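Raw run.pdb, PDB, C-alpha atoms:
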```
ATOM      1  CA  MET A 114      25.556 -14.159  23.210
ATOM      2  CA  ASP A 115      28.916 -15.584  22.204
ATOM      3  CA  SER A 116      31.484 -12.841  22.811
ATOM      4  CA  GLU A 117      33.726 -14.296  20.087
ATOM      5  CA  LYS A 118      31.085 -13.847  17.411
ATOM      6  CA  GLU A 119      31.808 -11.178  14.800
ATOM      7  CA  PRO A 120      29.946  -7.890  15.449
ATOM      8  CA  LEU A 121      27.142  -6.992  13.046
ATOM      9  CA  TYR A 122      28.806  -3.679  12.216
ATOM     10  CA  PRO A 123      32.636  -3.690  12.297
ATOM     11  CA  GLU A 124      34.144  -0.510  13.750
ATOM     12  CA  GLU A 125      35.428   2.127  11.298
ATOM     13  CA  LYS A 126      38.235   4.646  11.647
ATOM     14  CA  ILE A 127      37.492   8.369  11.718
ATOM     15  CA  LYS A 128      38.384   9.963   8.379
ATOM     16  CA  ASN A 129      37.061  13.504   8.785
ATOM     17  CA  TYR A 130      37.767  14.757  12.310
ATOM     18  CA  PRO A 131      36.055  18.196  12.021
ATOM     19  CA  LEU A 132      32.845  16.544  10.803
ATOM     20  CA  TYR A 133      33.065  13.899  13.522
ATOM     21  CA  VAL A 134      33.518  16.552  16.223
ATOM     22  CA  TRP A 135      30.564  18.502  14.751
ATOM     23  CA  ARG A 136      28.295  15.449  15.061
ATOM     24  CA  VAL A 137      29.479  14.588  18.569
ATOM     25  CA  PHE A 138      28.942  18.202  19.667
ATOM     26  CA  TRP A 139      25.384  18.342  18.347
ATOM     27  CA  LYS A 140      24.616  14.912  19.737
ATOM     28  CA  ALA A 141      25.588  16.204  23.205
ATOM     29  CA  VAL A 142      23.578  19.402  22.717
ATOM     30  CA  LEU A 143      20.515  17.503  21.549
ATOM     31  CA  LEU A 144      20.732  15.081  24.453
ATOM     32  CA  VAL A 145      20.473  18.133  26.719
ATOM     33  CA  VAL A 146      17.525  19.344  24.616
ATOM     34  CA  PHE A 147      15.925  15.906  24.944
ATOM     35  CA  GLY A 148      16.330  15.917  28.732
ATOM     36  CA  THR A 149      15.109  19.516  29.070
ATOM     37  CA  GLY A 150      12.142  18.790  26.818
ATOM     38  CA  THR A 151      11.197  15.800  28.957
ATOM     39  CA  VAL A 152      11.247  17.973  32.076
ATOM     40  CA  VAL A 153       9.125  20.687  30.417
ATOM     41  CA  LEU A 154       6.605  18.130  29.166
ATOM     42  CA  SER A 155       6.390  16.492  32.583
ATOM     43  CA  ILE A 156       6.141  19.500  34.904
ATOM     44  CA  VAL A 157       4.586  22.150  32.631
ATOM     45  CA  CYS A 158       2.758  20.738  29.589
ATOM     46  CA  LEU A 159       1.070  17.701  31.126
ATOM     47  CA  PRO A 160      -0.337  19.611  34.157
ATOM     48  CA  LEU A 161      -1.655  22.325  31.820
ATOM     49  CA  LEU A 162      -3.281  19.773  29.539
ATOM     50  CA  LYS A 163      -4.864  18.131  32.581
ATOM     51  CA  LEU A 164      -6.457  21.441  33.509
ATOM     52  CA  ILE A 165      -7.752  22.060  29.982
ATOM     53  CA  PHE A 166      -8.931  18.631  28.830
ATOM     54  CA  HIS A 167     -11.425  16.402  30.669
ATOM     55  CA  PRO A 168     -12.041  13.537  31.232
ATOM     56  CA  LYS A 169      -8.821  11.518  31.498
ATOM     57  CA  ARG A 170      -9.232   9.903  28.058
ATOM     58  CA  ARG A 171      -9.429  13.292  26.381
ATOM     59  CA  PHE A 172      -6.346  14.501  28.273
ATOM     60  CA  GLN A 173      -4.365  11.399  27.291
ATOM     61  CA  TYR A 174      -5.416  11.748  23.642
ATOM     62  CA  HIS A 175      -4.016  15.284  23.407
ATOM     63  CA  ALA A 176      -1.002  14.522  25.612
ATOM     64  CA  ARG A 177       0.049  11.583  23.426
ATOM     65  CA  TYR A 178      -0.292  13.703  20.310
ATOM     66  CA  LEU A 179       1.851  16.425  21.912
ATOM     67  CA  LEU A 180       4.473  13.777  22.716
ATOM     68  CA  HIS A 181       4.333  12.643  19.076
ATOM     69  CA  LEU A 182       4.906  16.208  17.844
ATOM     70  CA  SER A 183       7.733  16.762  20.345
ATOM     71  CA  SER A 184       9.449  13.543  19.264
ATOM     72  CA  LYS A 185       9.033  14.550  15.635
ATOM     73  CA  LEU A 186      10.675  17.918  16.321
ATOM     74  CA  PHE A 187      13.552  16.215  18.131
ATOM     75  CA  CYS A 188      14.143  13.897  15.166
ATOM     76  CA  VAL A 189      14.034  16.855  12.759
ATOM     77  CA  LEU A 190      16.757  18.556  14.839
ATOM     78  CA  LEU A 191      18.872  15.393  14.721
ATOM     79  CA  TRP A 192      18.513  15.389  10.938
ATOM     80  CA  PHE A 193      19.115  19.145  10.560
ATOM     81  CA  PHE A 194      22.433  19.013  12.414
ATOM     82  CA  GLY A 195      23.666  16.060  10.398
ATOM     83  CA  CYS A 196      23.439  13.353  13.059
ATOM     84  CA  TYR A 197      20.571  11.213  11.828
ATOM     85  CA  LYS A 198      18.677  10.039   8.765
ATOM     86  CA  LEU A 199      15.374   8.138   8.749
ATOM     87  CA  ARG A 200      13.898   5.993   6.010
ATOM     88  CA  CYS A 201      10.672   4.009   6.448
ATOM     89  CA  ASP A 202       9.047   1.882   3.765
ATOM     90  CA  LYS A 203       5.503   2.427   5.148
ATOM     91  CA  LYS A 204       5.549   5.759   6.972
ATOM     92  CA  ASN A 205       1.923   6.651   6.137
ATOM     93  CA  TYR A 206       0.791   3.184   7.167
ATOM     94  CA  LEU A 207       2.314   3.637  10.627
ATOM     95  CA  ALA A 208       0.946   7.188  10.951
ATOM     96  CA  ASN A 209      -2.615   5.974  10.307
ATOM     97  CA  LEU A 210      -2.428   2.731  12.260
ATOM     98  CA  HIS A 211      -5.062   2.132  14.943
ATOM     99  CA  SER A 212      -5.680  -0.511  17.603
ATOM    100  CA  ALA A 213      -2.547  -2.531  16.942
ATOM    101  CA  ILE A 214       0.530  -3.630  18.882
ATOM    102  CA  ILE A 215       3.856  -2.495  17.394
ATOM    103  CA  VAL A 216       6.868  -4.681  18.131
ATOM    104  CA  ALA A 217      10.392  -3.610  17.144
ATOM    105  CA  ASN A 218      13.987  -4.628  17.742
ATOM    106  CA  HIS A 219      16.008  -2.173  19.828
ATOM    107  CA  PRO A 220      19.484  -1.312  18.467
ATOM    108  CA  ALA A 221      19.814   2.288  19.680
ATOM    109  CA  TYR A 222      19.024   4.835  22.397
ATOM    110  CA  PHE A 223      16.823   6.979  20.135
ATOM    111  CA  ASP A 224      14.530   4.120  19.046
ATOM    112  CA  SER A 225      11.729   5.246  21.368
ATOM    113  CA  PRO A 226      11.437   8.920  20.282
ATOM    114  CA  MET A 227      11.934   7.866  16.654
ATOM    115  CA  MET A 228       9.061   5.362  16.806
ATOM    116  CA  ILE A 229       6.841   7.789  18.748
ATOM    117  CA  SER A 230       7.536  10.413  16.043
ATOM    118  CA  LEU A 231       5.949   8.019  13.521
ATOM    119  CA  LEU A 232       2.974   6.907  15.644
ATOM    120  CA  LYS A 233       0.483   9.677  16.391
ATOM    121  CA  HIS A 234      -1.132   8.121  19.467
ATOM    122  CA  THR A 235       0.892   5.362  21.060
ATOM    123  CA  THR A 236       1.336   3.867  24.510
ATOM    124  CA  LEU A 237       4.912   2.756  25.136
ATOM    125  CA  ILE A 238       5.574  -0.142  27.481
ATOM    126  CA  ALA A 239       8.700   1.078  29.255
ATOM    127  CA  LYS A 240      11.317  -0.493  31.503
ATOM    128  CA  SER A 241      10.199  -0.624  35.111
ATOM    129  CA  SER A 242      13.415   1.070  36.266
ATOM    130  CA  LEU A 243      12.416   4.235  34.382
ATOM    131  CA  SER A 244       9.096   4.437  36.210
ATOM    132  CA  GLN A 245      10.805   4.496  39.585
ATOM    133  CA  LYS A 246      13.382   7.255  39.166
ATOM    134  CA  ASN A 247      14.034  10.648  37.527
ATOM    135  CA  ILE A 248      11.511  12.841  35.765
ATOM    136  CA  LEU A 249      10.612  10.133  33.240
ATOM    137  CA  HIS A 250       8.329   8.523  35.798
ATOM    138  CA  VAL A 251       5.811  11.356  35.281
ATOM    139  CA  LEU A 252       5.485  10.600  31.559
ATOM    140  CA  ILE A 253       5.423   6.847  32.142
ATOM    141  CA  ASN A 254       2.793   6.981  34.867
ATOM    142  CA  GLU A 255       0.559   9.363  32.877
ATOM    143  CA  LEU A 256       0.911   8.078  29.297
ATOM    144  CA  PHE A 257       2.902   4.855  29.231
ATOM    145  CA  MET A 258       2.933   1.500  31.019
ATOM    146  CA  SER A 259       5.655  -0.082  33.122
ATOM    147  CA  ASN A 260       6.662  -3.610  32.117
ATOM    148  CA  SER A 261       6.642  -4.577  35.807
ATOM    149  CA  LEU A 262       2.850  -4.342  36.087
ATOM    150  CA  PRO A 263       1.009  -7.599  36.788
ATOM    151  CA  LEU A 264      -0.308  -9.164  33.590
ATOM    152  CA  ASN A 265      -3.966  -8.504  34.401
ATOM    153  CA  GLU A 266      -3.277  -4.779  34.980
ATOM    154  CA  MET A 267      -1.202  -4.521  31.811
ATOM    155  CA  VAL A 268      -3.957  -6.215  29.792
ATOM    156  CA  ALA A 269      -6.564  -3.844  31.263
ATOM    157  CA  HIS A 270      -4.463  -0.767  30.424
ATOM    158  CA  ALA A 271      -3.722  -2.109  26.942
ATOM    159  CA  LYS A 272      -7.395  -2.835  26.266
ATOM    160  CA  GLU A 273      -8.314   0.711  27.278
ATOM    161  CA  ALA A 274      -5.609   2.238  25.055
ATOM    162  CA  LEU A 275      -6.436   0.004  22.083
ATOM    163  CA  SER A 276     -10.175   0.663  22.444
ATOM    164  CA  MET A 277      -9.393   4.370  21.988
ATOM    165  CA  GLY A 278      -7.715   3.557  18.661
ATOM    166  CA  ASN A 279      -4.200   3.947  20.053
ATOM    167  CA  THR A 280      -1.290   1.697  19.274
ATOM    168  CA  VAL A 281       0.837  -0.024  21.912
ATOM    169  CA  LEU A 282       4.603   0.045  21.339
ATOM    170  CA  ILE A 283       6.831  -2.699  22.751
ATOM    171  CA  PHE A 284      10.534  -3.486  22.468
ATOM    172  CA  PRO A 285      10.378  -7.189  23.409
ATOM    173  CA  GLU A 286      14.110  -7.515  24.110
ATOM    174  CA  GLY A 287      13.537  -5.339  27.176
ATOM    175  CA  THR A 288      16.790  -3.448  26.606
ATOM    176  CA  ARG A 289      19.028  -2.345  23.760
ATOM    177  CA  SER A 290      20.591  -5.003  21.545
ATOM    178  CA  THR A 291      24.292  -5.794  21.680
ATOM    179  CA  LEU A 292      26.893  -5.528  18.918
ATOM    180  CA  TYR A 293      26.568  -9.273  18.459
ATOM    181  CA  GLY A 294      22.831  -9.499  17.829
ATOM    182  CA  GLN A 295      19.565  -9.404  19.734
ATOM    183  CA  HIS A 296      18.555 -10.519  23.223
ATOM    184  CA  PRO A 297      15.873 -13.185  23.783
ATOM    185  CA  TYR A 298      12.368 -11.842  23.186
ATOM    186  CA  LYS A 299       9.943 -11.616  26.115
ATOM    187  CA  LYS A 300       6.371 -12.899  25.656
ATOM    188  CA  GLY A 301       4.537  -9.751  26.808
ATOM    189  CA  ALA A 302       3.571  -8.530  23.333
ATOM    190  CA  ALA A 303       2.200 -11.941  22.345
ATOM    191  CA  ARG A 304       0.172 -12.199  25.550
ATOM    192  CA  LEU A 305      -1.325  -8.744  25.028
ATOM    193  CA  SER A 306      -2.264  -9.672  21.475
ATOM    194  CA  LEU A 307      -3.864 -12.953  22.573
ATOM    195  CA  TYR A 308      -5.857 -11.284  25.370
ATOM    196  CA  THR A 309      -6.948  -8.199  23.400
ATOM    197  CA  GLY A 310      -7.418  -9.802  19.972
ATOM    198  CA  CYS A 311      -5.369  -7.043  18.304
ATOM    199  CA  PRO A 312      -2.705  -7.847  15.701
ATOM    200  CA  ILE A 313       1.028  -7.386  16.132
ATOM    201  CA  ILE A 314       2.868  -5.287  13.531
ATOM    202  CA  PRO A 315       6.596  -6.185  13.563
ATOM    203  CA  VAL A 316       8.994  -3.368  12.601
ATOM    204  CA  TYR A 317      12.647  -4.092  11.912
ATOM    205  CA  ILE A 318      15.045  -1.207  12.670
ATOM    206  CA  GLY A 319      18.027  -1.570  10.377
ATOM    207  CA  GLY A 320      20.437   0.824   8.714
ATOM    208  CA  ASN A 321      24.083   1.301   9.620
ATOM    209  CA  ASN A 322      26.022   1.190  12.865
ATOM    210  CA  LYS A 323      24.636   3.243  15.775
ATOM    211  CA  ARG A 324      27.918   4.004  17.534
ATOM    212  CA  GLY A 325      27.274   6.275  20.504
ATOM    213  CA  LEU A 326      23.677   5.056  20.869
ATOM    214  CA  ARG A 327      24.291   1.380  21.540
ATOM    215  CA  LYS A 328      24.198  -0.222  24.962
ATOM    216  CA  GLY A 329      27.425   0.551  26.808
ATOM    217  CA  ASP A 330      28.608   3.294  24.423
ATOM    218  CA  LYS A 331      29.984   6.587  25.689
ATOM    219  CA  ILE A 332      28.097   9.865  25.317
ATOM    220  CA  LEU A 333      30.885  11.549  23.336
ATOM    221  CA  GLN A 334      30.813   9.028  20.501
ATOM    222  CA  HIS A 335      29.268   8.946  17.058
ATOM    223  CA  ASN A 336      29.641   6.908  13.896
ATOM    224  CA  ALA A 337      33.140   7.351  12.547
ATOM    225  CA  THR A 338      32.268   8.131   8.915
ATOM    226  CA  SER A 339      28.540   8.856   8.599
ATOM    227  CA  ARG A 340      25.383   9.997  10.323
ATOM    228  CA  TRP A 341      23.161   7.371  11.978
ATOM    229  CA  HIS A 342      20.869   5.705   9.449
ATOM    230  CA  PHE A 343      17.585   4.304  10.758
ATOM    231  CA  ASP A 344      15.974   2.188   8.047
ATOM    232  CA  LEU A 345      12.572   0.874   9.145
ATOM    233  CA  TYR A 346      10.883  -2.066   7.473
ATOM    234  CA  VAL A 347       7.279  -2.789   8.422
ATOM    235  CA  LYS A 348       6.451  -6.488   8.248
ATOM    236  CA  ASP A 349       3.124  -8.215   7.635
ATOM    237  CA  PRO A 350       0.780  -8.331  10.648
ATOM    238  CA  VAL A 351       0.726 -11.354  12.936
ATOM    239  CA  TYR A 352      -2.841 -12.156  13.991
ATOM    240  CA  PRO A 353      -3.725 -13.889  17.268
ATOM    241  CA  GLU A 354      -6.338 -16.007  15.457
ATOM    242  CA  GLU A 355      -3.466 -18.020  13.969
ATOM    243  CA  PHE A 356      -2.762 -19.416  17.450
ATOM    244  CA  LYS A 357      -6.325 -19.648  18.827
ATOM    245  CA  ASP A 358      -6.368 -23.465  19.000
ATOM    246  CA  LEU A 359      -3.306 -23.622  21.264
ATOM    247  CA  PRO A 360      -3.210 -23.291  25.081
ATOM    248  CA  GLU A 361      -2.276 -19.732  26.068
ATOM    249  CA  PRO A 362       1.306 -20.459  27.255
ATOM    250  CA  ILE A 363       2.135 -22.373  24.073
ATOM    251  CA  ALA A 364       0.376 -19.814  21.878
ATOM    252  CA  ALA A 365       2.381 -16.970  23.469
ATOM    253  CA  LYS A 366       5.613 -18.926  22.985
ATOM    254  CA  ARG A 367       4.901 -19.739  19.330
ATOM    255  CA  MET A 368       3.775 -16.206  18.555
ATOM    256  CA  THR A 369       6.900 -14.759  20.174
ATOM    257  CA  GLU A 370       9.096 -17.168  18.214
ATOM    258  CA  LYS A 371       7.426 -16.137  14.970
ATOM    259  CA  ILE A 372       7.979 -12.443  15.713
ATOM    260  CA  ARG A 373      11.592 -13.112  16.714
ATOM    261  CA  ASP A 374      12.170 -14.926  13.415
ATOM    262  CA  MET A 375      10.615 -12.040  11.461
ATOM    263  CA  LEU A 376      12.780  -9.444  13.243
ATOM    264  CA  SER A 377      16.009 -11.406  13.543
ATOM    265  CA  ASP A 378      19.172  -9.762  12.253
ATOM    266  CA  GLU A 379      19.831 -12.855  10.173
ATOM    267  CA  ALA A 380      16.479 -12.626   8.379
ATOM    268  CA  ASN A 381      16.940  -8.894   7.765
ATOM    269  CA  ALA A 382      20.613  -8.790   6.799
ATOM    270  CA  LYS A 383      19.750  -7.031   3.523
ATOM    271  CA  TYR A 384      18.365  -4.097   5.524
ATOM    272  CA  ARG A 385      21.736  -3.458   7.242
ATOM    273  CA  TYR A 386      24.660  -1.675   5.676
TER
END
```
Starting from the file, give its structure as structure tokens.
Amino acid sequence: MDSEKEPLYPEEKIKNYPLYVWRVFWKAVLLVVFGTGTVVLSIVCLPLLKLIFHPKRRFQYHARYLLHLSSKLFCVLLWFFGCYKLRCDKKNYLANLHSAIIVANHPAYFDSPMMISLLKHTTLIAKSSLSQKNILHVLINELFMSNSLPLNEMVAHAKEALSMGNTVLIFPEGTRSTLYGQHPYKKGAARLSLYTGCPIIPVYIGGNNKRGLRKGDKILQHNATSRWHFDLYVKDPVYPEEFKDLPEPIAAKRMTEKIRDMLSDEANAKYRY
């Protein structure tokens, strides 16, 4: 991206310091809660669920729902302490969605738990670096997929998850967006859709600035004048049948370009404030 380009959300000056400190404090506390909750889920809840529910599919069904409820609780705490506000134009639609691939832009650190809080049974495709270090690798190896898997393995895992009625959640930028716009989109979501025959549901994450959650931000930061606003806009599905007459590499490229156009900041400027 051009570093001289104007940022999407110009920085604001702090006007109410006590309120700002309150939000920064609770952000730090809730980050600790988030980390502690991840550890508890990984080393206590998942092993217990494995003992109770058999076979593996049944365990994963209940484990993903527990992760959904935990993410929902975390988001409620963010809202309760004045850090966060969520608005979604099709919340019930997402909650009842089955056998579909969800693709979203990635402006902030809390995008993953926020999306999981809206999707009852979802399989997140996570960064490979997270599957190789810290306690997150337990969750990723049990319930998610690493984006470093060979394509044939990823397709097999995705087919299994989608056949169970789950959704698959992908952030095709591969990392958080910058202040100056989005990164190039990877073709993984399009390839999964073409190989599985399941539609892609694009979701644009808009709202206001996400200071303190953006890539490169410091932990002890928050928006200067308001809580974080996450405004989600669910777009029309993109069906693989639209690209069936094209060779797979070209079809994946065209499908990815269409999704990128649907989720571009330029196309969704009215959803940012």
Return as a tab-separated table (two decimals) with C-alpha atoms, in the coordinates of the input the set of residues that the PyMOL selection byres ((chain A and resi 300) around 8) yields on the displayed structure.
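Writing the result to result.tsv gives the following:
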```tsv
chain	number	residue	atom	x	y	z
A	285	PRO	CA	10.38	-7.19	23.41
A	298	TYR	CA	12.37	-11.84	23.19
A	299	LYS	CA	9.94	-11.62	26.12
A	301	GLY	CA	4.54	-9.75	26.81
A	302	ALA	CA	3.57	-8.53	23.33
A	303	ALA	CA	2.20	-11.94	22.34
A	304	ARG	CA	0.17	-12.20	25.55
A	365	ALA	CA	2.38	-16.97	23.47
A	366	LYS	CA	5.61	-18.93	22.98
A	369	THR	CA	6.90	-14.76	20.17
```
Sort by chain and increasing residue number a table of all residues of segment 317-358 of chain A within 12 Å of segment 181-195 of chain A, each with its closest pair of atoms and their distance in Å to one decimal, counting only C-alpha atoms, and write it as CSV.
```
residue,atom,partner,partner_atom,distance
A:His335,CA,A:Gly195,CA,11.2
A:Asn336,CA,A:Gly195,CA,11.5
A:Thr338,CA,A:Gly195,CA,11.8
A:Ser339,CA,A:Gly195,CA,8.9
A:Arg340,CA,A:Gly195,CA,6.3
A:Trp341,CA,A:Gly195,CA,8.8
A:His342,CA,A:Trp192,CA,10.1
A:Phe343,CA,A:Cys188,CA,11.1
```
Just so the selection is clear, what residues does the PyMOL selection byres ((chain A and resi 149-161) around 8) cover here, as a ChimeraX atom specification? /A:145-148,162-165,176,248-249,251-252
Of the residues A:Ala337, A:Val142, A:Leu282, A:Ala239, which is the one nearest to Ile127 of chain A, using all atoms listed in the file? A:Ala337
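Minimum atom-to-atom distance to Gly287 of chain A, evaluated using only C-alpha atoms, belongs to A:Ile238 out of A:Val134, A:Ile238, A:Leu231, A:Val351.
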Calculated over only C-alpha atoms, which of the candidates A:Leu345, A:Ala364, A:Leu256, A:Ala382 has the smallest distance to Lys203 of chain A?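 Of all the options, A:Leu345 lies closest to Lys203 of chain A.
Using the PyMOL selection byres ((chain A and resi 124) around 12) on this structure selects Glu119, Pro120, Leu121, Tyr122, Pro123, Glu125, Lys126, Ile127, Leu292, Asn321, Asn322, Lys323, Arg324, Gly325, His335, Asn336, Ala337 and Thr338 of chain A.
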Smallest atom-to-atom distance to Trp135 of chain A: which of A:Ile372, A:Leu333, A:Asp224, A:Arg200, using all atoms listed in the file? A:Leu333
For atom CA of Thr236 of chain A and atom CA of Pro297 of chain A, quote the distance in Å rounded to one decimal.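 Here the two named atoms are 22.4 Å from each other.
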From A:Pro362, A:Gly329, A:Pro353, A:Gly294, residue lying nearest Gly310 of chain A [all atoms listed in the file]: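 Counting all atoms listed in the file, the residue closest to Gly310 of chain A is A:Pro353.
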Quote the spacing between atom CA of Asp202 of chain A and atom CA of Thr288 of chain A in Å to one decimal place. 24.7 Å
Quote the spacing between atom CA of Arg136 of chain A and atom CA of Leu207 of chain A in Å to one decimal place.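 Taking atom CA of Arg136 of chain A and atom CA of Leu207 of chain A, their separation equals 28.9 Å.
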Closest to Leu232 of chain A among A:Ala208, A:Leu132, A:Val216, A:Met368, using all atoms listed in the file?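 Among the listed residues, the smallest separation from Leu232 of chain A belongs to A:Ala208.
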Spatial sel., origin (9.6, -8.6, 16.8), limit 7 Å, all atoms listed in the file, listed as JSON, numbers by chain: {"A": [216, 217, 218, 285, 315, 316, 372, 373, 375, 376]}
For Phe223 of chain A, work out the shell of residues within 9 Å, counting only C-alpha atoms and skipping chain neighbours fewer than 4 positions away, then give it as a list in words.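 With the cut-off at 9 Å, the set is Cys188, Met227, Met228 and Leu326 of chain A.
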